[in-house]
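Colleague: Provided herewith: upload-v3.cif, mmCIF, N, CA and C atoms and all ligand atoms.
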```cif
data_input
#
loop_
_atom_site.label_atom_id
_atom_site.label_comp_id
_atom_site.auth_asym_id
_atom_site.auth_seq_id
_atom_site.Cartn_x
_atom_site.Cartn_y
_atom_site.Cartn_z
N THR A 191 -18.11 -13.09 -2.65
CA THR A 191 -16.90 -12.44 -3.16
C THR A 191 -17.24 -11.05 -3.66
N GLU A 192 -16.21 -10.24 -3.85
CA GLU A 192 -16.40 -8.83 -4.14
C GLU A 192 -15.30 -8.41 -5.10
N ARG A 193 -15.53 -7.29 -5.81
CA ARG A 193 -14.52 -6.77 -6.73
C ARG A 193 -14.16 -5.33 -6.35
N THR A 194 -12.92 -4.95 -6.60
CA THR A 194 -12.52 -3.56 -6.44
C THR A 194 -11.63 -3.14 -7.60
N LEU A 195 -11.60 -1.84 -7.84
CA LEU A 195 -10.72 -1.27 -8.87
C LEU A 195 -9.54 -0.63 -8.17
N ILE A 196 -8.36 -1.05 -8.53
CA ILE A 196 -7.19 -0.38 -7.99
C ILE A 196 -6.41 0.29 -9.12
N LEU A 197 -5.75 1.38 -8.79
CA LEU A 197 -4.82 2.04 -9.70
C LEU A 197 -3.47 2.09 -9.02
N ILE A 198 -2.44 1.74 -9.76
CA ILE A 198 -1.07 2.07 -9.35
C ILE A 198 -0.76 3.38 -10.06
N LYS A 199 -0.62 4.41 -9.26
CA LYS A 199 -0.49 5.77 -9.79
C LYS A 199 0.87 5.95 -10.47
N PRO A 200 1.04 7.05 -11.24
CA PRO A 200 2.29 7.21 -12.00
C PRO A 200 3.56 7.17 -11.13
N ASP A 201 3.48 7.59 -9.88
CA ASP A 201 4.68 7.50 -9.04
C ASP A 201 5.06 6.05 -8.78
N GLY A 202 4.06 5.20 -8.60
CA GLY A 202 4.33 3.78 -8.35
C GLY A 202 4.91 3.08 -9.57
N VAL A 203 4.35 3.39 -10.74
CA VAL A 203 4.86 2.77 -11.97
C VAL A 203 6.27 3.28 -12.25
N ALA A 204 6.47 4.61 -12.13
CA ALA A 204 7.78 5.20 -12.44
C ALA A 204 8.87 4.67 -11.51
N ARG A 205 8.50 4.39 -10.27
CA ARG A 205 9.50 3.89 -9.31
C ARG A 205 9.67 2.38 -9.36
N GLY A 206 8.97 1.73 -10.29
CA GLY A 206 9.17 0.29 -10.44
C GLY A 206 8.53 -0.53 -9.33
N LEU A 207 7.44 -0.01 -8.76
CA LEU A 207 6.80 -0.68 -7.64
C LEU A 207 5.56 -1.48 -8.04
N THR A 208 5.28 -1.59 -9.35
CA THR A 208 4.09 -2.32 -9.78
C THR A 208 4.09 -3.75 -9.23
N GLY A 209 5.18 -4.44 -9.42
CA GLY A 209 5.25 -5.84 -8.96
C GLY A 209 5.10 -5.95 -7.45
N GLU A 210 5.76 -5.09 -6.71
CA GLU A 210 5.71 -5.13 -5.25
C GLU A 210 4.29 -4.88 -4.75
N ILE A 211 3.59 -3.93 -5.37
CA ILE A 211 2.22 -3.61 -4.94
C ILE A 211 1.28 -4.77 -5.28
N LEU A 212 1.39 -5.31 -6.49
CA LEU A 212 0.54 -6.45 -6.86
C LEU A 212 0.89 -7.68 -6.03
N ARG A 213 2.15 -7.84 -5.71
CA ARG A 213 2.59 -8.96 -4.87
C ARG A 213 1.89 -8.92 -3.51
N ARG A 214 1.81 -7.72 -2.92
CA ARG A 214 1.16 -7.60 -1.62
C ARG A 214 -0.32 -7.97 -1.71
N ALA A 215 -0.97 -7.56 -2.78
CA ALA A 215 -2.40 -7.89 -2.94
C ALA A 215 -2.58 -9.40 -3.14
N GLU A 216 -1.74 -10.00 -3.97
CA GLU A 216 -1.85 -11.45 -4.19
C GLU A 216 -1.49 -12.23 -2.94
N ALA A 217 -0.48 -11.77 -2.22
CA ALA A 217 -0.05 -12.47 -1.01
C ALA A 217 -1.17 -12.47 0.04
N LYS A 218 -1.97 -11.41 0.03
CA LYS A 218 -3.11 -11.34 0.94
C LYS A 218 -4.20 -12.34 0.55
N GLY A 219 -4.18 -12.77 -0.71
CA GLY A 219 -5.16 -13.76 -1.17
C GLY A 219 -6.14 -13.24 -2.21
N TYR A 220 -5.96 -11.99 -2.65
CA TYR A 220 -6.85 -11.45 -3.67
C TYR A 220 -6.39 -11.92 -5.05
N ARG A 221 -7.36 -12.11 -5.95
CA ARG A 221 -7.06 -12.54 -7.31
C ARG A 221 -7.12 -11.35 -8.25
N ILE A 222 -6.13 -11.27 -9.14
CA ILE A 222 -6.11 -10.23 -10.17
C ILE A 222 -6.87 -10.77 -11.37
N THR A 223 -8.02 -10.14 -11.68
CA THR A 223 -8.83 -10.67 -12.78
C THR A 223 -8.76 -9.80 -14.03
N ARG A 224 -8.32 -8.56 -13.91
CA ARG A 224 -8.05 -7.69 -15.06
C ARG A 224 -6.79 -6.90 -14.71
N LEU A 225 -5.97 -6.62 -15.73
CA LEU A 225 -4.72 -5.88 -15.49
C LEU A 225 -4.29 -5.19 -16.77
N THR A 226 -4.04 -3.89 -16.70
CA THR A 226 -3.59 -3.17 -17.88
C THR A 226 -2.76 -1.96 -17.48
N GLN A 227 -1.82 -1.59 -18.34
CA GLN A 227 -1.10 -0.33 -18.16
C GLN A 227 -1.62 0.66 -19.19
N VAL A 228 -1.94 1.87 -18.75
CA VAL A 228 -2.53 2.86 -19.65
C VAL A 228 -1.97 4.25 -19.37
N GLU A 229 -2.06 5.11 -20.38
CA GLU A 229 -1.92 6.55 -20.18
C GLU A 229 -3.34 7.07 -20.02
N ALA A 230 -3.64 7.63 -18.87
CA ALA A 230 -5.02 8.03 -18.60
C ALA A 230 -5.48 9.12 -19.56
N ARG A 231 -6.68 8.98 -20.08
CA ARG A 231 -7.28 10.03 -20.90
C ARG A 231 -7.95 11.05 -19.98
N ALA A 232 -8.01 12.31 -20.42
CA ALA A 232 -8.58 13.38 -19.59
C ALA A 232 -9.98 13.03 -19.11
N GLU A 233 -10.80 12.46 -20.00
CA GLU A 233 -12.18 12.16 -19.61
C GLU A 233 -12.25 11.01 -18.60
N GLN A 234 -11.29 10.10 -18.64
CA GLN A 234 -11.26 9.05 -17.61
C GLN A 234 -10.96 9.65 -16.24
N LEU A 235 -10.01 10.57 -16.19
CA LEU A 235 -9.66 11.18 -14.91
C LEU A 235 -10.79 12.08 -14.40
N ALA A 236 -11.44 12.80 -15.31
CA ALA A 236 -12.57 13.64 -14.90
C ALA A 236 -13.68 12.79 -14.30
N ALA A 237 -13.94 11.65 -14.90
CA ALA A 237 -14.98 10.76 -14.37
C ALA A 237 -14.54 10.13 -13.05
N HIS A 238 -13.29 9.67 -13.01
CA HIS A 238 -12.80 8.98 -11.81
C HIS A 238 -12.79 9.90 -10.60
N TYR A 239 -12.41 11.18 -10.81
CA TYR A 239 -12.27 12.11 -9.70
C TYR A 239 -13.38 13.16 -9.67
N ALA A 240 -14.54 12.85 -10.24
CA ALA A 240 -15.65 13.83 -10.31
C ALA A 240 -15.99 14.38 -8.92
N GLU A 241 -15.92 13.54 -7.88
CA GLU A 241 -16.30 14.01 -6.54
C GLU A 241 -15.34 15.07 -5.99
N HIS A 242 -14.14 15.16 -6.57
CA HIS A 242 -13.16 16.13 -6.07
C HIS A 242 -13.09 17.41 -6.90
N GLU A 243 -13.89 17.51 -7.97
CA GLU A 243 -13.85 18.69 -8.81
C GLU A 243 -14.12 19.94 -7.97
N GLY A 244 -13.28 20.98 -8.16
CA GLY A 244 -13.45 22.21 -7.40
C GLY A 244 -12.60 22.28 -6.15
N LYS A 245 -12.05 21.15 -5.70
CA LYS A 245 -11.18 21.20 -4.52
C LYS A 245 -9.79 21.69 -4.91
N PRO A 246 -9.06 22.28 -3.96
CA PRO A 246 -7.75 22.87 -4.31
C PRO A 246 -6.76 21.86 -4.89
N PHE A 247 -6.87 20.60 -4.52
CA PHE A 247 -5.89 19.64 -5.02
C PHE A 247 -6.35 18.97 -6.32
N TYR A 248 -7.54 19.37 -6.85
CA TYR A 248 -8.07 18.67 -8.03
C TYR A 248 -7.15 18.77 -9.24
N GLN A 249 -6.77 20.01 -9.63
CA GLN A 249 -5.95 20.14 -10.84
C GLN A 249 -4.56 19.53 -10.67
N PRO A 250 -3.88 19.78 -9.52
CA PRO A 250 -2.61 19.07 -9.32
C PRO A 250 -2.77 17.54 -9.38
N LEU A 251 -3.89 17.05 -8.87
CA LEU A 251 -4.14 15.61 -8.88
C LEU A 251 -4.29 15.10 -10.31
N VAL A 252 -5.09 15.81 -11.11
CA VAL A 252 -5.29 15.39 -12.50
C VAL A 252 -3.98 15.49 -13.28
N ASP A 253 -3.22 16.56 -13.03
CA ASP A 253 -1.92 16.71 -13.72
C ASP A 253 -0.98 15.57 -13.34
N PHE A 254 -0.93 15.26 -12.06
CA PHE A 254 -0.08 14.16 -11.59
C PHE A 254 -0.50 12.84 -12.22
N MET A 255 -1.80 12.59 -12.26
CA MET A 255 -2.29 11.31 -12.79
C MET A 255 -2.10 11.20 -14.30
N SER A 256 -1.83 12.36 -14.95
CA SER A 256 -1.57 12.39 -16.39
C SER A 256 -0.07 12.39 -16.69
N SER A 257 0.76 12.36 -15.66
CA SER A 257 2.19 12.60 -15.86
C SER A 257 2.96 11.37 -16.35
N GLY A 258 2.31 10.23 -16.42
CA GLY A 258 2.97 9.01 -16.89
C GLY A 258 2.00 7.86 -16.85
N PRO A 259 2.43 6.70 -17.31
CA PRO A 259 1.54 5.56 -17.33
C PRO A 259 1.10 5.14 -15.94
N LEU A 260 -0.11 4.61 -15.86
CA LEU A 260 -0.57 4.01 -14.61
C LEU A 260 -1.05 2.60 -14.91
N VAL A 261 -1.17 1.82 -13.87
CA VAL A 261 -1.64 0.44 -13.99
C VAL A 261 -3.00 0.35 -13.32
N ALA A 262 -3.98 -0.18 -14.05
CA ALA A 262 -5.32 -0.41 -13.51
C ALA A 262 -5.52 -1.91 -13.36
N ALA A 263 -6.14 -2.31 -12.26
CA ALA A 263 -6.41 -3.74 -12.05
C ALA A 263 -7.74 -3.91 -11.34
N VAL A 264 -8.35 -5.04 -11.58
CA VAL A 264 -9.51 -5.47 -10.81
C VAL A 264 -9.06 -6.61 -9.91
N LEU A 265 -9.33 -6.45 -8.63
CA LEU A 265 -9.04 -7.50 -7.65
C LEU A 265 -10.34 -8.10 -7.18
N GLU A 266 -10.32 -9.38 -6.94
CA GLU A 266 -11.49 -10.10 -6.41
C GLU A 266 -11.14 -10.81 -5.12
N GLY A 267 -12.11 -10.83 -4.21
CA GLY A 267 -11.92 -11.58 -2.97
C GLY A 267 -12.94 -11.17 -1.94
N ASP A 268 -13.03 -11.90 -0.87
CA ASP A 268 -13.95 -11.55 0.20
C ASP A 268 -13.52 -10.23 0.83
N ARG A 269 -14.44 -9.28 0.89
CA ARG A 269 -14.22 -7.97 1.51
C ARG A 269 -12.98 -7.27 0.95
N VAL A 270 -12.76 -7.44 -0.37
CA VAL A 270 -11.53 -6.90 -0.98
C VAL A 270 -11.53 -5.37 -0.98
N ILE A 271 -12.70 -4.73 -1.02
CA ILE A 271 -12.73 -3.26 -1.04
C ILE A 271 -12.09 -2.73 0.24
N GLU A 272 -12.61 -3.18 1.35
CA GLU A 272 -12.08 -2.79 2.67
C GLU A 272 -10.64 -3.30 2.82
N GLY A 273 -10.41 -4.52 2.38
CA GLY A 273 -9.10 -5.14 2.56
C GLY A 273 -8.00 -4.43 1.79
N PHE A 274 -8.28 -4.02 0.55
CA PHE A 274 -7.22 -3.34 -0.19
C PHE A 274 -6.95 -1.97 0.39
N ARG A 275 -8.01 -1.27 0.84
CA ARG A 275 -7.78 0.05 1.46
C ARG A 275 -6.95 -0.08 2.74
N SER A 276 -7.14 -1.19 3.43
CA SER A 276 -6.33 -1.46 4.61
C SER A 276 -4.87 -1.72 4.22
N LEU A 277 -4.66 -2.47 3.16
CA LEU A 277 -3.29 -2.70 2.65
C LEU A 277 -2.65 -1.39 2.21
N ALA A 278 -3.45 -0.50 1.60
CA ALA A 278 -2.91 0.76 1.06
C ALA A 278 -2.47 1.71 2.17
N GLY A 279 -3.25 1.79 3.25
CA GLY A 279 -2.92 2.71 4.33
C GLY A 279 -3.53 4.09 4.11
N ALA A 280 -3.31 4.95 5.06
CA ALA A 280 -3.91 6.29 5.04
C ALA A 280 -3.41 7.11 3.85
N THR A 281 -4.18 8.14 3.48
CA THR A 281 -3.91 8.92 2.27
C THR A 281 -2.50 9.51 2.24
N GLU A 282 -2.04 10.00 3.40
CA GLU A 282 -0.77 10.73 3.43
C GLU A 282 0.38 9.76 3.76
N PRO A 283 1.30 9.54 2.83
CA PRO A 283 2.35 8.55 3.08
C PRO A 283 3.18 8.81 4.34
N THR A 284 3.39 10.06 4.69
CA THR A 284 4.22 10.35 5.87
C THR A 284 3.64 9.74 7.14
N THR A 285 2.31 9.78 7.23
CA THR A 285 1.68 9.29 8.47
C THR A 285 0.96 7.95 8.29
N ALA A 286 0.96 7.40 7.07
CA ALA A 286 0.36 6.07 6.86
C ALA A 286 1.14 5.05 7.70
N ALA A 287 0.45 4.09 8.24
CA ALA A 287 1.08 3.13 9.16
C ALA A 287 2.15 2.30 8.44
N PRO A 288 3.27 2.07 9.11
CA PRO A 288 4.24 1.10 8.61
C PRO A 288 3.54 -0.25 8.42
N GLY A 289 3.95 -0.97 7.40
CA GLY A 289 3.27 -2.22 7.07
C GLY A 289 2.29 -2.06 5.92
N THR A 290 1.87 -0.80 5.68
CA THR A 290 0.98 -0.53 4.54
C THR A 290 1.81 -0.13 3.32
N ILE A 291 1.18 -0.20 2.15
CA ILE A 291 1.87 0.18 0.91
C ILE A 291 2.35 1.63 1.01
N ARG A 292 1.44 2.53 1.40
CA ARG A 292 1.84 3.94 1.48
C ARG A 292 2.81 4.20 2.62
N GLY A 293 2.62 3.51 3.73
CA GLY A 293 3.50 3.71 4.89
C GLY A 293 4.91 3.18 4.65
N ASP A 294 5.01 2.07 3.95
CA ASP A 294 6.32 1.46 3.71
C ASP A 294 7.03 2.08 2.52
N LEU A 295 6.28 2.47 1.49
CA LEU A 295 6.89 2.79 0.20
C LEU A 295 6.64 4.21 -0.26
N GLY A 296 5.67 4.92 0.35
CA GLY A 296 5.27 6.23 -0.15
C GLY A 296 6.20 7.34 0.30
N ARG A 297 6.33 8.35 -0.56
CA ARG A 297 7.17 9.53 -0.26
C ARG A 297 6.42 10.74 -0.73
N ASP A 298 5.84 11.51 0.18
CA ASP A 298 4.99 12.62 -0.26
C ASP A 298 5.57 13.98 0.08
N TRP A 299 6.77 14.02 0.63
CA TRP A 299 7.23 15.31 1.13
C TRP A 299 7.44 16.33 0.02
N GLY A 300 6.99 17.56 0.32
CA GLY A 300 7.20 18.67 -0.60
C GLY A 300 6.31 18.69 -1.81
N GLU A 301 5.16 18.01 -1.76
CA GLU A 301 4.30 17.95 -2.94
C GLU A 301 2.99 18.67 -2.68
N LYS A 302 2.40 19.20 -3.80
CA LYS A 302 1.08 19.83 -3.72
C LYS A 302 -0.03 18.79 -3.70
N VAL A 303 0.28 17.63 -4.18
CA VAL A 303 -0.70 16.54 -4.21
C VAL A 303 -0.06 15.34 -3.52
N GLN A 304 -0.89 14.54 -2.87
CA GLN A 304 -0.37 13.35 -2.23
C GLN A 304 -0.03 12.30 -3.29
N LYS A 305 1.26 12.12 -3.54
CA LYS A 305 1.69 11.09 -4.50
C LYS A 305 1.79 9.79 -3.73
N ASN A 306 0.62 9.15 -3.58
CA ASN A 306 0.52 8.07 -2.61
C ASN A 306 0.37 6.68 -3.23
N LEU A 307 0.93 6.53 -4.41
CA LEU A 307 1.18 5.22 -5.05
C LEU A 307 -0.03 4.48 -5.57
N VAL A 308 -1.13 4.48 -4.81
CA VAL A 308 -2.26 3.63 -5.19
C VAL A 308 -3.59 4.30 -4.94
N HIS A 309 -4.58 3.79 -5.65
CA HIS A 309 -5.98 4.11 -5.38
C HIS A 309 -6.72 2.79 -5.20
N GLY A 310 -7.71 2.77 -4.34
CA GLY A 310 -8.62 1.64 -4.25
C GLY A 310 -10.04 2.14 -4.06
N SER A 311 -11.00 1.52 -4.74
CA SER A 311 -12.41 1.92 -4.62
C SER A 311 -12.83 1.88 -3.15
N ASP A 312 -13.81 2.76 -2.82
CA ASP A 312 -14.21 2.84 -1.41
C ASP A 312 -15.59 2.25 -1.10
N SER A 313 -16.28 1.72 -2.12
CA SER A 313 -17.60 1.11 -1.89
C SER A 313 -17.93 0.24 -3.10
N PRO A 314 -18.89 -0.67 -2.97
CA PRO A 314 -19.29 -1.47 -4.13
C PRO A 314 -19.78 -0.61 -5.29
N GLU A 315 -20.47 0.49 -4.99
CA GLU A 315 -20.97 1.37 -6.04
C GLU A 315 -19.80 2.05 -6.76
N SER A 316 -18.82 2.54 -5.99
CA SER A 316 -17.63 3.14 -6.59
C SER A 316 -16.87 2.11 -7.43
N ALA A 317 -16.77 0.91 -6.92
CA ALA A 317 -16.02 -0.13 -7.65
C ALA A 317 -16.66 -0.39 -9.00
N ALA A 318 -17.99 -0.54 -9.04
CA ALA A 318 -18.67 -0.80 -10.32
C ALA A 318 -18.47 0.36 -11.28
N ARG A 319 -18.59 1.59 -10.76
CA ARG A 319 -18.44 2.78 -11.58
C ARG A 319 -17.00 2.88 -12.12
N GLU A 320 -16.04 2.67 -11.23
CA GLU A 320 -14.63 2.84 -11.60
C GLU A 320 -14.15 1.72 -12.54
N ILE A 321 -14.64 0.50 -12.34
CA ILE A 321 -14.25 -0.58 -13.26
C ILE A 321 -14.71 -0.23 -14.67
N SER A 322 -15.89 0.38 -14.79
CA SER A 322 -16.40 0.72 -16.13
C SER A 322 -15.63 1.89 -16.74
N ILE A 323 -14.97 2.71 -15.92
CA ILE A 323 -14.14 3.80 -16.45
C ILE A 323 -12.85 3.25 -17.06
N TRP A 324 -12.25 2.30 -16.39
CA TRP A 324 -10.90 1.84 -16.76
C TRP A 324 -10.89 0.59 -17.62
N PHE A 325 -12.01 -0.17 -17.62
CA PHE A 325 -12.10 -1.39 -18.44
C PHE A 325 -13.39 -1.35 -19.25
N ASP A 326 -13.35 -1.88 -20.46
CA ASP A 326 -14.55 -1.90 -21.34
C ASP A 326 -15.65 -2.75 -20.74
P1 LIG A 401 -7.82 6.92 -2.82
O1 LIG A 401 -6.70 7.64 -3.49
O2 LIG A 401 -7.63 5.46 -2.81
O3 LIG A 401 -9.20 7.38 -3.25
P2 LIG A 401 -8.18 8.37 -0.41
O4 LIG A 401 -9.58 8.11 0.04
O5 LIG A 401 -7.11 8.40 0.59
O6 LIG A 401 -7.70 7.26 -1.30
P3 LIG A 401 -9.32 10.67 -1.74
O7 LIG A 401 -9.78 11.43 -0.57
O8 LIG A 401 -10.34 9.98 -2.61
O9 LIG A 401 -8.17 9.65 -1.32
O10 LIG A 401 -8.47 11.65 -2.64
C1 LIG A 401 -8.02 11.23 -3.90
C2 LIG A 401 -6.56 11.52 -4.06
O11 LIG A 401 -6.36 12.93 -4.07
C3 LIG A 401 -5.68 11.02 -2.91
O12 LIG A 401 -5.33 9.66 -3.02
C4 LIG A 401 -4.50 11.94 -3.04
O13 LIG A 401 -3.65 11.52 -4.12
C5 LIG A 401 -5.14 13.25 -3.41
N1 LIG A 401 -5.49 14.07 -2.23
C6 LIG A 401 -6.54 13.88 -1.43
N2 LIG A 401 -6.60 14.80 -0.48
C7 LIG A 401 -5.54 15.63 -0.69
C8 LIG A 401 -5.05 16.80 -0.07
N3 LIG A 401 -5.66 17.35 0.99
N4 LIG A 401 -3.93 17.36 -0.56
C9 LIG A 401 -3.32 16.84 -1.62
N5 LIG A 401 -3.74 15.74 -2.27
C10 LIG A 401 -4.82 15.13 -1.83
#
```
Translate this structure into structure tokens?
Modeller:
Amino acid sequence: TERTLILIKPDGVARGLTGEILRRAEAKGYRITRLTQVEARAEQLAAHYAEHEGKPFYQPLVDFMSSGPLVAAVLEGDRVIEGFRSLAGATEPTTAAPGTIRGDLGRDWGEKVQKNLVHGSDSPESAAREISIWFD
């Protein structure tokens, strides 16, 4: 079994999609083992997005992620890291495949940052690092 850190970004929480997104993960067979709603602290976002520091979308991304509450969760299951990223779909909601969270529910038009509803860790190392950022 494996663990991943997911975030429901402020657009997802504000649009009332928390339940729908968690429903899709549970329906796939993943277990929610930690769940919390938080207002992200600046140092949490700096740590979470350290790899993107200096990129043109970094500040808009941090501002967006600070714009309202987000939901952090730990999911467990076989190959859940790859599996949740597959459920989430491609980064850009406009071109994310139908059937995915971003493809079915995302709306990114006219934005400086991709407001793409969710984040999921991309490797076991990222998952361990990110879980420690969002959970004690
Ligand atoms: P995740 O958000 O799950 O990490 P990802 O791998 O698709 O998925 P990253 O490349 O890690 O995303 O980028 C982090 C976030 O930054 C994206 O989810 C998106 O919100 C935003 N982002 C990434 N690339 C761009 C871009 N070129 N323009 C605007 N926003 C972007």
Colleague: Between A:Ile271, A:Glu210, A:Gly279, A:Gln304, which is the closest to Arg292 (chain A) once you count all atoms listed in the file?
Modeller: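 The shortest atom-to-atom distance to Arg292 (chain A) comes from A:Gly279.
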Colleague: Find the residue from A:Ser311, A:Thr226, A:Ser276, A:Ser257 that sits nearest to ligand LIG 401 (chain A); use only N, CA and C atoms and all ligand atoms when measuring.
Modeller: A:Ser311
Colleague: Could you give me, as JSON lines, every chain A residue with an atom at most 6.5 Å from ligand LIG 401 (chain A), plus its closest atom pair and distance in Å to one decimal, counting all atoms listed in the file, rows ordered by chain then number?
Modeller:
```
{"residue": "A:Phe247", "atom": "CA", "partner": "A:LIG401", "partner_atom": "C9", "distance": 5.1}
{"residue": "A:Leu251", "atom": "CA", "partner": "A:LIG401", "partner_atom": "O11", "distance": 5.9}
{"residue": "A:Ala280", "atom": "C", "partner": "A:LIG401", "partner_atom": "O5", "distance": 5.1}
{"residue": "A:Thr281", "atom": "CA", "partner": "A:LIG401", "partner_atom": "O5", "distance": 3.7}
{"residue": "A:Glu282", "atom": "N", "partner": "A:LIG401", "partner_atom": "O5", "distance": 6.0}
{"residue": "A:Lys302", "atom": "C", "partner": "A:LIG401", "partner_atom": "C9", "distance": 4.4}
{"residue": "A:Val303", "atom": "CA", "partner": "A:LIG401", "partner_atom": "N5", "distance": 3.7}
{"residue": "A:Gln304", "atom": "N", "partner": "A:LIG401", "partner_atom": "N5", "distance": 3.2}
{"residue": "A:Lys305", "atom": "N", "partner": "A:LIG401", "partner_atom": "O13", "distance": 5.0}
{"residue": "A:Asn306", "atom": "N", "partner": "A:LIG401", "partner_atom": "O13", "distance": 4.9}
{"residue": "A:Val308", "atom": "C", "partner": "A:LIG401", "partner_atom": "O2", "distance": 4.7}
{"residue": "A:His309", "atom": "CA", "partner": "A:LIG401", "partner_atom": "O2", "distance": 3.3}
{"residue": "A:Gly310", "atom": "N", "partner": "A:LIG401", "partner_atom": "O2", "distance": 3.1}
{"residue": "A:Ser311", "atom": "N", "partner": "A:LIG401", "partner_atom": "O2", "distance": 5.5}
```
Colleague: Separation of CA of Gly296 (chain A) and atom N of Gln227 (chain A), in Å?
Modeller: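 Taking CA of Gly296 (chain A) as the start and atom N of Gln227 (chain A) as the end point, the length is 21.0 Å.
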Colleague: I'd like the contact shell of Gln234 (chain A) - 12 Å cut-off, only C-alpha atoms, skipping same-chain residues fewer than 5 positions apart - returned as a CSV table (one decimal) with N, CA and C atoms, keeping the file's coordinate frame.
Modeller:
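And here's around_22.csv as it stands now:
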```csv
chain,number,residue,atom,x,y,z
A,228,VAL,N,-1.9,1.9,-18.8
A,228,VAL,CA,-2.5,2.9,-19.6
A,228,VAL,C,-2.0,4.2,-19.4
A,229,GLU,N,-2.1,5.1,-20.4
A,229,GLU,CA,-1.9,6.6,-20.2
A,229,GLU,C,-3.3,7.1,-20.0
A,239,TYR,N,-12.4,11.2,-10.8
A,239,TYR,CA,-12.3,12.1,-9.7
A,239,TYR,C,-13.4,13.2,-9.7
A,240,ALA,N,-14.5,12.8,-10.2
A,240,ALA,CA,-15.6,13.8,-10.3
A,240,ALA,C,-16.0,14.4,-8.9
A,252,VAL,N,-5.1,15.8,-11.1
A,252,VAL,CA,-5.3,15.4,-12.5
A,252,VAL,C,-4.0,15.5,-13.3
A,255,MET,N,-1.8,12.6,-12.3
A,255,MET,CA,-2.3,11.3,-12.8
A,255,MET,C,-2.1,11.2,-14.3
A,256,SER,N,-1.8,12.4,-15.0
A,256,SER,CA,-1.6,12.4,-16.4
A,256,SER,C,-0.1,12.4,-16.7
A,262,ALA,N,-4.0,-0.2,-14.0
A,262,ALA,CA,-5.3,-0.4,-13.5
A,262,ALA,C,-5.5,-1.9,-13.4
A,319,ARG,N,-18.6,1.6,-10.8
A,319,ARG,CA,-18.4,2.8,-11.6
A,319,ARG,C,-17.0,2.9,-12.1
A,320,GLU,N,-16.0,2.7,-11.2
A,320,GLU,CA,-14.6,2.8,-11.6
A,320,GLU,C,-14.2,1.7,-12.5
A,321,ILE,N,-14.6,0.5,-12.3
A,321,ILE,CA,-14.2,-0.6,-13.3
A,321,ILE,C,-14.7,-0.2,-14.7
A,322,SER,N,-15.9,0.4,-14.8
A,322,SER,CA,-16.4,0.7,-16.1
A,322,SER,C,-15.6,1.9,-16.7
A,323,ILE,N,-15.0,2.7,-15.9
A,323,ILE,CA,-14.1,3.8,-16.4
A,323,ILE,C,-12.8,3.2,-17.1
A,324,TRP,N,-12.2,2.3,-16.4
A,324,TRP,CA,-10.9,1.8,-16.8
A,324,TRP,C,-10.9,0.6,-17.6
A,325,PHE,N,-12.0,-0.2,-17.6
A,325,PHE,CA,-12.1,-1.4,-18.4
A,325,PHE,C,-13.4,-1.4,-19.2
```
Colleague: Given all atoms listed in the file as the basis, pick out the residue of A:Leu212, A:Ala204, A:Arg224, A:Asp312 nearest to Ala263 (chain A).
Modeller: A:Arg224
Colleague: Around the point (-18.0, -9.4, -4.9) in the file's coordinates, collect all residues with an atom within 9 Å, using only C-alpha atoms, and return them as an MDAnalysis selection string.
Modeller: chainID A and resid 191:194 266:271 314
Colleague: Let's have the selection written as a CSV table (one decimal), keeping the file's coordinate frame, with N, CA and C atoms.
Modeller:
```csv
chain,number,residue,atom,x,y,z
A,191,THR,N,-18.1,-13.1,-2.6
A,191,THR,CA,-16.9,-12.4,-3.2
A,191,THR,C,-17.2,-11.0,-3.7
A,192,GLU,N,-16.2,-10.2,-3.8
A,192,GLU,CA,-16.4,-8.8,-4.1
A,192,GLU,C,-15.3,-8.4,-5.1
A,193,ARG,N,-15.5,-7.3,-5.8
A,193,ARG,CA,-14.5,-6.8,-6.7
A,193,ARG,C,-14.2,-5.3,-6.4
A,194,THR,N,-12.9,-5.0,-6.6
A,194,THR,CA,-12.5,-3.6,-6.4
A,194,THR,C,-11.6,-3.1,-7.6
A,266,GLU,N,-10.3,-9.4,-6.9
A,266,GLU,CA,-11.5,-10.1,-6.4
A,266,GLU,C,-11.1,-10.8,-5.1
A,267,GLY,N,-12.1,-10.8,-4.2
A,267,GLY,CA,-11.9,-11.6,-3.0
A,267,GLY,C,-12.9,-11.2,-1.9
A,268,ASP,N,-13.0,-11.9,-0.9
A,268,ASP,CA,-14.0,-11.6,0.2
A,268,ASP,C,-13.5,-10.2,0.8
A,269,ARG,N,-14.4,-9.3,0.9
A,269,ARG,CA,-14.2,-8.0,1.5
A,269,ARG,C,-13.0,-7.3,1.0
A,270,VAL,N,-12.8,-7.4,-0.4
A,270,VAL,CA,-11.5,-6.9,-1.0
A,270,VAL,C,-11.5,-5.4,-1.0
A,271,ILE,N,-12.7,-4.7,-1.0
A,271,ILE,CA,-12.7,-3.3,-1.0
A,271,ILE,C,-12.1,-2.7,0.2
A,314,PRO,N,-18.9,-0.7,-3.0
A,314,PRO,CA,-19.3,-1.5,-4.1
A,314,PRO,C,-19.8,-0.6,-5.3
```
